[in-house]
file protein_9.cif (mmCIF, C-alpha atoms)
data_model
loop_
_atom_site.label_atom_id
_atom_site.label_comp_id
_atom_site.auth_asym_id
_atom_site.auth_seq_id
_atom_site.Cartn_x
_atom_site.Cartn_y
_atom_site.Cartn_z
CA MET A 286 -35.50 5.60 -73.51
CA LYS A 287 -33.47 4.37 -76.48
CA ASN A 288 -31.76 7.75 -76.87
CA SER A 289 -30.83 7.86 -73.19
CA TYR A 290 -29.36 4.35 -73.44
CA PHE A 291 -27.13 5.27 -76.37
CA SER A 292 -26.13 8.56 -74.73
CA LEU A 293 -25.11 6.76 -71.55
CA ILE A 294 -23.23 4.05 -73.47
CA PHE A 295 -21.42 6.79 -75.40
CA PHE A 296 -20.28 8.58 -72.25
CA LEU A 297 -19.22 5.34 -70.55
CA ALA A 298 -17.17 4.50 -73.66
CA LEU A 299 -15.81 8.06 -73.69
CA GLY A 300 -14.73 7.63 -70.08
CA ILE A 301 -12.85 4.45 -71.00
CA PHE A 302 -11.37 6.26 -74.01
CA GLY A 303 -10.07 8.95 -71.63
CA ILE A 304 -8.60 6.36 -69.28
CA ILE A 305 -6.83 4.47 -72.11
CA THR A 306 -5.56 7.78 -73.49
CA THR A 307 -4.18 8.64 -70.05
CA GLU A 308 -2.64 5.20 -69.51
CA MET A 309 -1.16 4.50 -72.94
CA GLY A 310 -0.67 8.07 -74.18
CA MET A 311 2.18 8.47 -71.71
CA ILE A 312 4.23 6.00 -73.80
CA GLY A 313 4.22 8.37 -76.76
CA VAL A 314 5.37 11.41 -74.75
CA LEU A 315 8.10 9.85 -72.59
CA PRO A 316 10.90 11.58 -74.56
CA GLN A 317 9.36 14.99 -73.82
CA VAL A 318 8.82 14.05 -70.17
CA THR A 319 12.47 12.99 -69.91
CA GLN A 320 13.55 16.34 -71.36
CA LYS A 321 11.19 18.42 -69.21
CA PHE A 322 12.28 16.91 -65.89
CA HIS A 323 15.93 16.27 -66.87
CA ILE A 324 15.74 12.57 -66.01
CA VAL A 325 16.99 9.42 -67.71
CA PRO A 326 14.58 7.30 -69.83
CA SER A 327 14.53 4.48 -67.25
CA GLU A 328 13.18 6.89 -64.63
CA ALA A 329 10.50 8.17 -67.01
CA GLY A 330 9.54 4.54 -67.61
CA TYR A 331 8.29 4.37 -64.02
CA LEU A 332 5.31 6.43 -65.18
CA VAL A 333 4.20 3.50 -67.34
CA GLY A 334 5.38 0.57 -65.22
CA ALA A 335 4.00 1.87 -61.92
CA PHE A 336 0.57 2.45 -63.49
CA ALA A 337 0.34 -1.09 -64.91
CA LEU A 338 1.63 -2.67 -61.69
CA ILE A 339 -0.93 -0.86 -59.50
CA VAL A 340 -3.77 -1.84 -61.87
CA ALA A 341 -2.69 -5.50 -61.88
CA ILE A 342 -2.32 -5.79 -58.10
CA SER A 343 -5.12 -3.64 -56.73
CA GLY A 344 -7.94 -4.11 -59.25
CA PRO A 345 -9.95 -7.00 -57.78
CA PHE A 346 -9.59 -5.85 -54.17
CA LEU A 347 -10.64 -2.24 -54.78
CA THR A 348 -13.57 -3.35 -56.95
CA LEU A 349 -14.61 -5.63 -54.10
CA LEU A 350 -14.53 -2.72 -51.65
CA ALA A 351 -16.51 -0.51 -54.05
CA SER A 352 -19.14 -3.17 -54.75
CA GLY A 353 -21.52 -1.83 -52.10
CA MET A 354 -21.25 1.82 -53.14
CA ASN A 355 -23.48 3.82 -55.48
CA ARG A 356 -22.30 3.03 -59.01
CA LYS A 357 -22.85 6.57 -60.23
CA ALA A 358 -20.78 8.04 -57.40
CA ILE A 359 -17.92 5.59 -58.08
CA LEU A 360 -17.90 6.27 -61.84
CA LEU A 361 -17.93 10.03 -61.31
CA SER A 362 -15.19 9.91 -58.67
CA ALA A 363 -12.97 7.76 -60.89
CA ILE A 364 -13.30 9.85 -64.05
CA LEU A 365 -12.85 13.07 -62.08
CA MET A 366 -9.57 11.73 -60.71
CA PHE A 367 -8.33 11.16 -64.26
CA ALA A 368 -9.28 14.73 -65.20
CA ILE A 369 -7.42 16.09 -62.17
CA SER A 370 -4.38 13.89 -62.79
CA ASN A 371 -4.03 15.00 -66.41
CA SER A 372 -4.24 18.62 -65.30
CA VAL A 373 -1.47 17.97 -62.78
CA TYR A 374 0.69 16.35 -65.50
CA ALA A 375 0.26 19.47 -67.61
CA TYR A 376 1.38 21.99 -65.02
CA THR A 377 3.58 20.28 -62.41
CA THR A 378 7.29 21.07 -62.35
CA SER A 379 8.09 18.06 -60.14
CA PHE A 380 8.61 14.55 -61.49
CA GLU A 381 7.77 13.11 -58.07
CA VAL A 382 4.37 14.85 -58.15
CA MET A 383 3.70 13.50 -61.65
CA LEU A 384 4.62 9.98 -60.52
CA ALA A 385 2.29 10.29 -57.51
CA PHE A 386 -0.56 11.31 -59.80
CA ARG A 387 0.16 8.29 -62.00
CA ILE A 388 -0.17 6.00 -59.00
CA VAL A 389 -3.40 7.49 -57.59
CA PRO A 390 -5.58 7.21 -60.76
CA ALA A 391 -4.23 3.70 -61.38
CA PHE A 392 -6.25 2.59 -58.34
CA PHE A 393 -9.41 3.97 -60.00
CA HIS A 394 -8.72 2.46 -63.44
CA PRO A 395 -9.98 -1.11 -62.83
CA VAL A 396 -12.88 0.14 -60.71
CA PHE A 397 -14.19 2.39 -63.51
CA PHE A 398 -13.76 -0.37 -66.10
CA SER A 399 -15.52 -2.99 -63.99
CA ILE A 400 -18.46 -0.83 -62.98
CA ALA A 401 -18.88 0.74 -66.44
CA LEU A 402 -19.15 -2.70 -68.04
CA ALA A 403 -21.49 -3.98 -65.33
CA THR A 404 -23.63 -0.84 -65.68
CA ALA A 405 -23.89 -1.33 -69.45
CA VAL A 406 -24.97 -4.94 -68.98
CA SER A 407 -27.60 -3.91 -66.41
CA LEU A 408 -29.27 -1.63 -68.98
CA VAL A 409 -30.19 -4.41 -71.41
CA PRO A 410 -31.78 -7.88 -71.39
CA PRO A 411 -29.32 -10.77 -70.80
CA GLU A 412 -29.33 -11.81 -74.46
CA LYS A 413 -28.05 -8.34 -75.45
CA SER A 414 -25.36 -8.04 -72.78
CA GLY A 415 -22.57 -8.97 -75.22
CA LYS A 416 -23.56 -6.14 -77.54
CA ALA A 417 -23.62 -3.63 -74.67
CA VAL A 418 -20.13 -4.71 -73.54
CA THR A 419 -18.82 -4.44 -77.12
CA GLN A 420 -20.17 -0.89 -77.40
CA VAL A 421 -18.51 0.24 -74.17
CA MET A 422 -15.28 -1.62 -74.98
CA ALA A 423 -15.12 0.41 -78.20
CA GLY A 424 -13.63 3.08 -75.95
CA VAL A 425 -10.51 0.89 -75.62
CA THR A 426 -9.98 0.42 -79.36
CA VAL A 427 -10.76 4.06 -80.16
CA GLY A 428 -8.31 5.03 -77.42
CA PHE A 429 -5.57 3.01 -79.11
CA ALA A 430 -6.59 4.23 -82.58
CA PHE A 431 -6.88 7.95 -81.87
CA GLY A 432 -6.23 8.81 -78.21
CA VAL A 433 -2.60 7.68 -78.17
CA PRO A 434 -1.64 9.18 -81.59
CA ILE A 435 -3.41 12.47 -80.78
CA THR A 436 -1.56 12.74 -77.46
CA SER A 437 1.75 12.13 -79.22
CA TYR A 438 0.90 14.59 -82.00
CA LEU A 439 -0.11 17.37 -79.60
CA SER A 440 3.06 16.97 -77.56
CA THR A 441 5.20 17.19 -80.71
CA LYS A 442 3.38 19.95 -82.59
CA ILE A 443 2.08 22.11 -79.73
CA SER A 444 3.35 21.23 -76.26
CA LEU A 445 3.44 18.56 -73.60
CA GLU A 446 0.90 20.59 -71.63
CA ALA A 447 -1.55 20.51 -74.56
CA ALA A 448 -1.21 16.73 -74.81
CA PHE A 449 -2.15 16.23 -71.15
CA LEU A 450 -4.94 18.83 -71.24
CA PHE A 451 -6.51 16.85 -74.10
CA GLY A 452 -6.85 13.88 -71.71
CA ALA A 453 -8.25 16.15 -69.01
CA ILE A 454 -10.89 17.65 -71.34
CA VAL A 455 -12.03 14.20 -72.53
CA SER A 456 -12.45 13.08 -68.91
CA VAL A 457 -14.39 16.23 -67.99
CA ILE A 458 -16.81 15.70 -70.90
CA ALA A 459 -17.31 12.07 -69.83
CA PHE A 460 -17.89 13.24 -66.25
CA ILE A 461 -20.62 15.66 -67.35
CA GLY A 462 -22.26 13.04 -69.59
CA ILE A 463 -22.39 10.41 -66.84
CA LEU A 464 -23.63 13.00 -64.36
CA VAL A 465 -26.50 13.95 -66.67
CA TRP A 466 -27.48 10.61 -68.21
CA LEU A 467 -26.85 7.99 -65.52
CA PRO A 468 -29.49 7.89 -62.78
CA SER A 469 -28.41 7.24 -59.23
CA LYS A 470 -27.41 3.59 -58.95
CA PRO A 471 -27.44 2.53 -55.30
CA VAL A 472 -26.62 -1.14 -54.81
CA LYS A 473 -29.65 -3.20 -53.89
CA GLY A 474 -29.01 -6.39 -52.00
CA ARG A 475 -25.25 -6.04 -51.93
CA MET A 476 -23.39 -9.29 -52.55
CA SER A 477 -21.16 -10.25 -49.63
CA PHE A 478 -17.39 -10.22 -49.99
CA GLY A 479 -17.36 -13.95 -49.27
CA LYS A 480 -19.80 -14.71 -52.08
CA GLN A 481 -17.85 -12.60 -54.56
CA LEU A 482 -14.54 -14.14 -53.54
CA GLY A 483 -16.22 -17.53 -53.73
CA ILE A 484 -15.92 -17.53 -57.51
CA LEU A 485 -12.16 -17.90 -57.01
CA ARG A 486 -12.82 -21.44 -55.76
CA LYS A 487 -13.84 -22.48 -59.27
CA PRO A 488 -10.96 -24.36 -60.96
CA GLN A 489 -12.24 -23.48 -64.43
CA LEU A 490 -11.99 -19.76 -63.57
CA TRP A 491 -8.26 -20.11 -62.86
CA LEU A 492 -7.82 -21.98 -66.14
CA THR A 493 -9.60 -19.10 -67.89
CA ILE A 494 -7.38 -16.55 -66.12
CA LEU A 495 -4.30 -18.46 -67.31
CA ILE A 496 -5.66 -18.47 -70.87
CA VAL A 497 -6.31 -14.71 -70.73
CA VAL A 498 -2.80 -13.99 -69.42
CA ILE A 499 -1.21 -16.12 -72.17
CA ILE A 500 -3.38 -14.59 -74.92
CA PHE A 501 -2.41 -11.07 -73.83
CA SER A 502 1.22 -12.16 -73.53
CA GLY A 503 1.12 -13.53 -77.07
CA MET A 504 -0.39 -10.29 -78.35
CA SER A 505 1.92 -7.91 -76.48
CA SER A 506 5.11 -9.90 -77.17
CA VAL A 507 5.04 -8.75 -80.79
CA TYR A 508 2.85 -5.62 -80.74
CA SER A 509 5.11 -3.95 -78.16
CA TYR A 510 7.87 -3.93 -80.79
CA PHE A 511 5.61 -2.94 -83.69
CA ALA A 512 7.61 0.16 -84.64
CA GLU A 513 10.99 -1.54 -84.20
CA TYR A 514 9.96 -4.49 -86.38
CA LEU A 515 8.63 -2.28 -89.17
CA GLY A 516 11.75 -0.15 -89.09
CA GLU A 517 14.29 -2.97 -89.00
CA ILE A 518 12.59 -5.72 -91.03
CA THR A 519 10.13 -3.88 -93.34
CA HIS A 520 12.51 -0.88 -93.64
CA MET A 521 9.75 1.70 -93.14
CA ASN A 522 10.62 5.24 -92.18
CA GLY A 523 8.99 7.16 -89.32
CA THR A 524 6.16 8.53 -91.47
CA TRP A 525 5.24 5.09 -92.78
CA ILE A 526 5.33 3.62 -89.29
CA SER A 527 2.96 6.36 -88.04
CA VAL A 528 0.56 5.59 -90.89
CA MET A 529 0.71 1.87 -90.10
CA LEU A 530 -0.02 2.56 -86.43
CA MET A 531 -3.07 4.58 -87.43
CA ILE A 532 -4.28 1.84 -89.81
CA PHE A 533 -3.77 -0.75 -87.08
CA GLY A 534 -5.83 1.34 -84.64
CA VAL A 535 -8.65 2.05 -87.08
CA THR A 536 -9.05 -1.62 -88.01
CA MET A 537 -9.07 -2.41 -84.29
CA ILE A 538 -12.34 -0.47 -84.09
CA ALA A 539 -13.88 -2.57 -86.88
CA GLY A 540 -12.54 -5.75 -85.30
CA ASN A 541 -14.12 -4.85 -81.98
CA PHE A 542 -17.62 -5.06 -83.48
CA LEU A 543 -16.76 -7.96 -85.79
CA PHE A 544 -15.66 -10.16 -82.90
CA GLY A 545 -18.65 -9.01 -80.87
CA PHE A 546 -20.80 -10.46 -83.67
CA PHE A 547 -18.79 -13.71 -83.73
CA LEU A 548 -19.07 -14.11 -79.94
CA ASN A 549 -22.84 -13.68 -80.09
CA LYS A 550 -23.02 -16.32 -82.83
CA SER A 551 -20.81 -18.89 -81.08
CA MET A 552 -18.55 -18.09 -78.17
CA THR A 553 -16.98 -21.58 -78.08
CA LYS A 554 -15.92 -21.61 -81.74
CA THR A 555 -14.67 -18.02 -81.58
CA VAL A 556 -12.58 -18.64 -78.46
CA ILE A 557 -11.04 -21.82 -79.89
CA LEU A 558 -10.26 -20.37 -83.32
CA PHE A 559 -8.90 -17.02 -82.14
CA PRO A 560 -5.38 -18.16 -81.10
CA LEU A 561 -5.03 -20.13 -84.35
CA VAL A 562 -6.10 -17.19 -86.53
CA TYR A 563 -3.74 -14.85 -84.68
CA ALA A 564 -0.85 -17.35 -84.99
CA VAL A 565 -1.47 -17.60 -88.76
CA ILE A 566 -1.21 -13.80 -89.01
CA TYR A 567 2.14 -14.00 -87.22
CA LEU A 568 3.31 -16.59 -89.76
CA PHE A 569 2.38 -14.24 -92.60
CA ILE A 570 4.32 -11.47 -90.84
CA TYR A 571 7.34 -13.76 -90.48
CA TYR A 572 7.43 -14.74 -94.17
CA TRP A 573 6.16 -11.49 -95.75
CA GLY A 574 7.18 -8.87 -93.19
CA SER A 575 10.15 -7.70 -95.25
CA HIS A 576 7.89 -6.67 -98.17
CA LEU A 577 6.24 -3.25 -97.90
CA TRP A 578 2.83 -3.72 -99.52
CA PRO A 579 2.13 -7.27 -98.29
CA MET A 580 3.04 -6.10 -94.78
CA ALA A 581 0.72 -3.10 -95.09
CA PHE A 582 -2.16 -5.45 -95.95
CA ILE A 583 -1.24 -7.83 -93.10
CA ILE A 584 -1.33 -4.89 -90.65
CA PHE A 585 -4.83 -4.05 -91.88
CA VAL A 586 -6.01 -7.55 -90.86
CA TRP A 587 -3.75 -7.75 -87.80
CA GLY A 588 -5.38 -4.74 -86.16
CA ALA A 589 -8.88 -6.19 -86.53
CA VAL A 590 -7.85 -9.54 -85.02
CA HIS A 591 -5.85 -7.88 -82.24
CA SER A 592 -8.94 -6.13 -80.88
CA GLY A 593 -10.72 -9.48 -80.78
CA GLY A 594 -8.38 -10.56 -78.00
CA LEU A 595 -9.72 -7.77 -75.78
CA ILE A 596 -13.43 -8.52 -75.95
CA LEU A 597 -12.93 -12.29 -76.27
CA SER A 598 -10.90 -12.41 -73.05
CA GLN A 599 -13.44 -10.26 -71.22
CA ALA A 600 -16.35 -12.43 -72.42
CA LEU A 601 -14.48 -15.62 -71.49
CA LEU A 602 -13.79 -14.43 -67.95
CA MET A 603 -17.31 -13.16 -67.43
CA THR A 604 -18.75 -16.54 -68.40
CA ASP A 605 -16.96 -18.11 -65.42
CA ALA A 606 -17.51 -15.11 -63.12
CA LYS A 607 -21.15 -14.33 -63.93
CA GLU A 608 -22.16 -14.70 -60.28
CA ALA A 609 -20.08 -11.60 -59.41
CA PRO A 610 -19.90 -9.50 -62.61
CA GLU A 611 -18.10 -6.42 -61.25
CA PHE A 612 -15.49 -8.54 -59.48
CA GLY A 613 -15.14 -10.65 -62.63
CA ASN A 614 -14.55 -7.55 -64.77
CA SER A 615 -11.85 -6.42 -62.36
CA LEU A 616 -10.12 -9.78 -62.79
CA PHE A 617 -10.10 -9.15 -66.54
CA VAL A 618 -8.54 -5.69 -66.12
CA SER A 619 -5.91 -6.95 -63.68
CA PHE A 620 -4.85 -10.12 -65.45
CA SER A 621 -4.83 -8.52 -68.89
CA ASN A 622 -2.23 -6.16 -67.42
CA VAL A 623 -0.29 -9.17 -66.14
CA GLY A 624 -0.21 -10.30 -69.78
CA ILE A 625 2.18 -7.43 -70.48
CA VAL A 626 4.85 -9.93 -69.37
CA GLY A 627 4.77 -10.82 -73.07
CA THR A 628 6.70 -7.59 -73.70
CA TRP A 629 9.57 -9.00 -71.64
CA ILE A 630 9.42 -12.33 -73.50
CA GLY A 631 9.45 -10.56 -76.87
CA GLY A 632 12.38 -8.46 -75.71
CA LEU A 633 14.34 -11.62 -74.91
CA PHE A 634 13.71 -12.98 -78.40
CA ILE A 635 14.91 -9.73 -79.97
CA SER A 636 18.03 -9.48 -77.83
CA GLN A 637 18.99 -13.13 -78.26
CA LEU A 638 17.76 -13.97 -81.76
CA GLY A 639 17.07 -10.67 -83.54
CA ALA A 640 13.94 -8.75 -84.55
CA HIS A 641 12.88 -11.18 -87.28
CA GLN A 642 12.66 -14.10 -84.82
CA LEU A 643 10.49 -12.02 -82.47
CA ILE A 644 7.43 -13.42 -84.23
CA TRP A 645 8.05 -16.91 -82.81
CA SER A 646 7.52 -15.64 -79.27
CA GLY A 647 3.94 -14.75 -80.21
CA ILE A 648 3.36 -18.00 -82.11
CA MET A 649 4.58 -20.10 -79.18
CA LEU A 650 2.40 -18.27 -76.64
CA LEU A 651 -0.71 -18.37 -78.83
CA SER A 652 -0.16 -22.08 -79.52
CA LEU A 653 -0.10 -22.65 -75.77
CA ALA A 654 -3.30 -20.60 -75.42
CA PHE A 655 -4.94 -22.79 -78.10
CA ILE A 656 -3.99 -26.00 -76.25
CA LEU A 657 -5.34 -24.65 -72.96
CA THR A 658 -8.53 -23.47 -74.68
CA MET A 659 -9.09 -26.95 -76.11
CA ILE A 660 -8.59 -28.43 -72.62
CA LYS A 661 -11.10 -25.96 -71.19
CA ALA A 662 -13.63 -26.75 -73.93
CA SER A 663 -13.19 -30.48 -73.28
CA ILE A 664 -13.74 -30.02 -69.53
CA SER A 665 -16.83 -27.87 -70.14
CA LYS A 666 -18.27 -30.48 -72.52
CA SER A 667 -17.73 -33.27 -69.99
CA HIS A 668 -19.55 -31.22 -67.33
CA VAL A 669 -22.48 -30.67 -69.70
CA ASP A 670 -22.60 -34.37 -70.57
CA LYS A 671 -22.61 -35.36 -66.90
CA ALA A 672 -25.37 -32.83 -66.16
CA SER A 673 -27.53 -34.18 -68.99
CA MET A 674 -27.04 -37.76 -67.75
CA ASN A 675 -28.21 -36.75 -64.29
#
call {"tool": "encode", "arguments": {"input": "protein_9.cif", "output": "structure tokens"}}
result
Amino acid sequence: MKNSYFSLIFFLALGIFGIITTEMGMIGVLPQVTQKFHIVPSEAGYLVGAFALIVAISGPFLTLLASGMNRKAILLSAILMFAISNSVYAYTTSFEVMLAFRIVPAFFHPVFFSIALATAVSLVPPEKSGKAVTQVMAGVTVGFAFGVPITSYLSTKISLEAAFLFGAIVSVIAFIGILVWLPSKPVKGRMSFGKQLGILRKPQLWLTILIVVIIFSGMSSVYSYFAEYLGEITHMNGTWISVMLMIFGVTMIAGNFLFGFFLNKSMTKTVILFPLVYAVIYLFIYYWGSHLWPMAFIIFVWGAVHSGGLILSQALLMTDAKEAPEFGNSLFVSFSNVGIVGTWIGGLFISQLGAHQLIWSGIMLLSLAFILTMIKASISKSHVDKASMN
């Protein structure tokens, strides 16, 4: 029983790894895509922007529609679509076809995430649900650490086709693993659409959503310009920047499990302290970012803390959406994508103030997240106090 649990968790995480590799790996191969289809970079950018936009808009609604379907069938359908899409990317000679097959799997992205996390939680007792989510979410951090660099490496050293076929192969392996290890999961006592949507009437949920969006904005406002900052301020060359990206990704994996441990110990303290800790890291980057070795050490810590934002935001949302877990997970996927607005904010800071001042965009957003988190904690405490008095 224990072996089957870990096997299933592995293949669910592998499926998420394949999805992240498909979603984010495209960023690293856009120059080759531009060359292959003889298009300008702004057109190639649609492959990234359209994917994120579809995920952000459609996630909750499609998860709602899928909530009454067999979980195994949904997971298999979603991961198969990613395998097919990657195969199309590898062999199509039409940019329009590639764009279409970026849009179609984007609809399946939040559905797979939501149901995979809910499935993992259903396999364990409630007190171990956080650990199960952390294990599956490892697919995200491993995707950033290895999936994206591998895709970029394959496209540079072998071919663009090889890079996309890597994503297809990963998805096929995940498909086979889920097919073999996950028993049929028909929905028993399906929750009505009205009951699931009912969680949106909770004011504290909307406050949590706002906090998640601002946390992701604060993270992406600086991370999106990681390479540019290291090149311009730290004066690293391309090789050093690649090494730093790998270090950042590897420490993200460690941070994923570290923050899972902290959340299990005390969610309230972890949620409150996270924006402050991240802001302090930004301050170190601001004052020491021009020095090679101090910056290398900061990146080592930065990656670990960065991954904490992923699982912390998911845990925070699920606390307020526990009555409808799959729908709640879809809200996390959608609104974390909305947080990519931080990239635009960071871009404004760079264009108006220069790369060095970019850091203040992240500090300002994380400071706002801290204030909102304190307000949320205060409201939650007052509700608990009132309940104990009654």
call {"tool": "closest_residue", "arguments": {"input": "protein_9.cif", "among": "A:Leu347, A:Ile664, A:Ala385, A:Leu482", "to": "Ala335 (chain A)", "atoms": "only C-alpha atoms"}}
result
A:Ala385
call {"tool": "resolve_selection", "arguments": {"input": "protein_9.cif", "expression": "the PyMOL selection byres ((chain A and resi 658) around 12)", "output": "mmCIF file with C-alpha atoms, in the frame of the given file"}}
result
data_model
loop_
_atom_site.group_PDB
_atom_site.id
_atom_site.type_symbol
_atom_site.label_atom_id
_atom_site.label_comp_id
_atom_site.auth_asym_id
_atom_site.auth_seq_id
_atom_site.Cartn_x
_atom_site.Cartn_y
_atom_site.Cartn_z
ATOM 1 C CA GLN A 489 -12.240 -23.480 -64.430
ATOM 2 C CA LEU A 492 -7.820 -21.980 -66.140
ATOM 3 C CA THR A 493 -9.600 -19.100 -67.890
ATOM 4 C CA ILE A 494 -7.380 -16.550 -66.120
ATOM 5 C CA LEU A 495 -4.300 -18.460 -67.310
ATOM 6 C CA ILE A 496 -5.660 -18.470 -70.870
ATOM 7 C CA VAL A 497 -6.310 -14.710 -70.730
ATOM 8 C CA ILE A 499 -1.210 -16.120 -72.170
ATOM 9 C CA ILE A 500 -3.380 -14.590 -74.920
ATOM 10 C CA MET A 552 -18.550 -18.090 -78.170
ATOM 11 C CA THR A 553 -16.980 -21.580 -78.080
ATOM 12 C CA LYS A 554 -15.920 -21.610 -81.740
ATOM 13 C CA THR A 555 -14.670 -18.020 -81.580
ATOM 14 C CA VAL A 556 -12.580 -18.640 -78.460
ATOM 15 C CA ILE A 557 -11.040 -21.820 -79.890
ATOM 16 C CA LEU A 558 -10.260 -20.370 -83.320
ATOM 17 C CA PHE A 559 -8.900 -17.020 -82.140
ATOM 18 C CA PRO A 560 -5.380 -18.160 -81.100
ATOM 19 C CA LEU A 561 -5.030 -20.130 -84.350
ATOM 20 C CA SER A 598 -10.900 -12.410 -73.050
ATOM 21 C CA LEU A 601 -14.480 -15.620 -71.490
ATOM 22 C CA LEU A 651 -0.710 -18.370 -78.830
ATOM 23 C CA SER A 652 -0.160 -22.080 -79.520
ATOM 24 C CA LEU A 653 -0.100 -22.650 -75.770
ATOM 25 C CA ALA A 654 -3.300 -20.600 -75.420
ATOM 26 C CA PHE A 655 -4.940 -22.790 -78.100
ATOM 27 C CA ILE A 656 -3.990 -26.000 -76.250
ATOM 28 C CA LEU A 657 -5.340 -24.650 -72.960
ATOM 29 C CA MET A 659 -9.090 -26.950 -76.110
ATOM 30 C CA ILE A 660 -8.590 -28.430 -72.620
ATOM 31 C CA LYS A 661 -11.100 -25.960 -71.190
ATOM 32 C CA ALA A 662 -13.630 -26.750 -73.930
ATOM 33 C CA SER A 663 -13.190 -30.480 -73.280
ATOM 34 C CA ILE A 664 -13.740 -30.020 -69.530
ATOM 35 C CA SER A 665 -16.830 -27.870 -70.140
#
call {"tool": "closest_residue", "arguments": {"input": "protein_9.cif", "among": "A:Ala459, A:Leu450, A:Ala589, A:Ala539", "to": "Ser362 (chain A)", "atoms": "only C-alpha atoms"}}
result
A:Ala459
call {"tool": "residues_around", "arguments": {"input": "protein_9.cif", "residues": "Gly627 (chain A)", "least_positions_apart": "5", "cutoff": "10 Å", "atoms": "all atoms listed in the file", "output": "PyMOL selection string"}}
result
chain A and resi 498-509+632-633+646-647+650
call {"tool": "residues_near_point", "arguments": {"input": "protein_9.cif", "point": "(-7.0, 0.2, -66.0)", "cutoff": "9 Å", "atoms": "only C-alpha atoms", "output": "count of residues only"}}
result
23
call {"tool": "atom_distance", "arguments": {"input": "protein_9.cif", "atom1": "CA of Phe291 (chain A)", "atom2": "CA of Val409 (chain A)"}}
result
11.3 Å
call {"tool": "residues_near_point", "arguments": {"input": "protein_9.cif", "point": "(-7.7, -6.3, -88.3)", "cutoff": "9 Å", "atoms": "only C-alpha atoms", "output": "PyMOL selection string"}}
result
chain A and resi 532-540+583-593
call {"tool": "resolve_selection", "arguments": {"input": "protein_9.cif", "expression": "the PyMOL selection byres ((chain A and resi 453) around 12)", "output": "ChimeraX atom specification"}}
result
/A:300,302-304,306-307,364-376,432,436,446-452,454-460
call {"tool": "atom_distance", "arguments": {"input": "protein_9.cif", "atom1": "CA of Ile443 (chain A)", "atom2": "CA of Ile312 (chain A)"}}
result
17.3 Å
call {"tool": "atom_distance", "arguments": {"input": "protein_9.cif", "atom1": "CA of Leu595 (chain A)", "atom2": "CA of Gln420 (chain A)"}}
result
12.6 Å
call {"tool": "closest_residue", "arguments": {"input": "protein_9.cif", "among": "A:Met649, A:Val562, A:Ala363, A:Met521", "to": "Ser399 (chain A)", "atoms": "all atoms listed in the file"}}
result
A:Ala363
call {"tool": "closest_residue", "arguments": {"input": "protein_9.cif", "among": "A:Ser343, A:Ser469, A:Leu338, A:Lys442", "to": "Ile359 (chain A)", "atoms": "all atoms listed in the file"}}
result
A:Ser469
call {"tool": "resolve_selection", "arguments": {"input": "protein_9.cif", "expression": "the PyMOL selection byres ((chain A and resi 318) around 12)", "output": "PyMOL selection string"}}
result
chain A and resi 310-317+319-333+374-375+377-380+383-384+437+440-441+444-446+448-449
call {"tool": "residues_around", "arguments": {"input": "protein_9.cif", "residues": "region 512-518 of chain A", "least_positions_apart": "3", "cutoff": "9 Å", "atoms": "all atoms listed in the file", "output": "PyMOL selection string"}}
result
chain A and resi 507-509+521-523+525-527+529-530+574-576+580+640-641+643
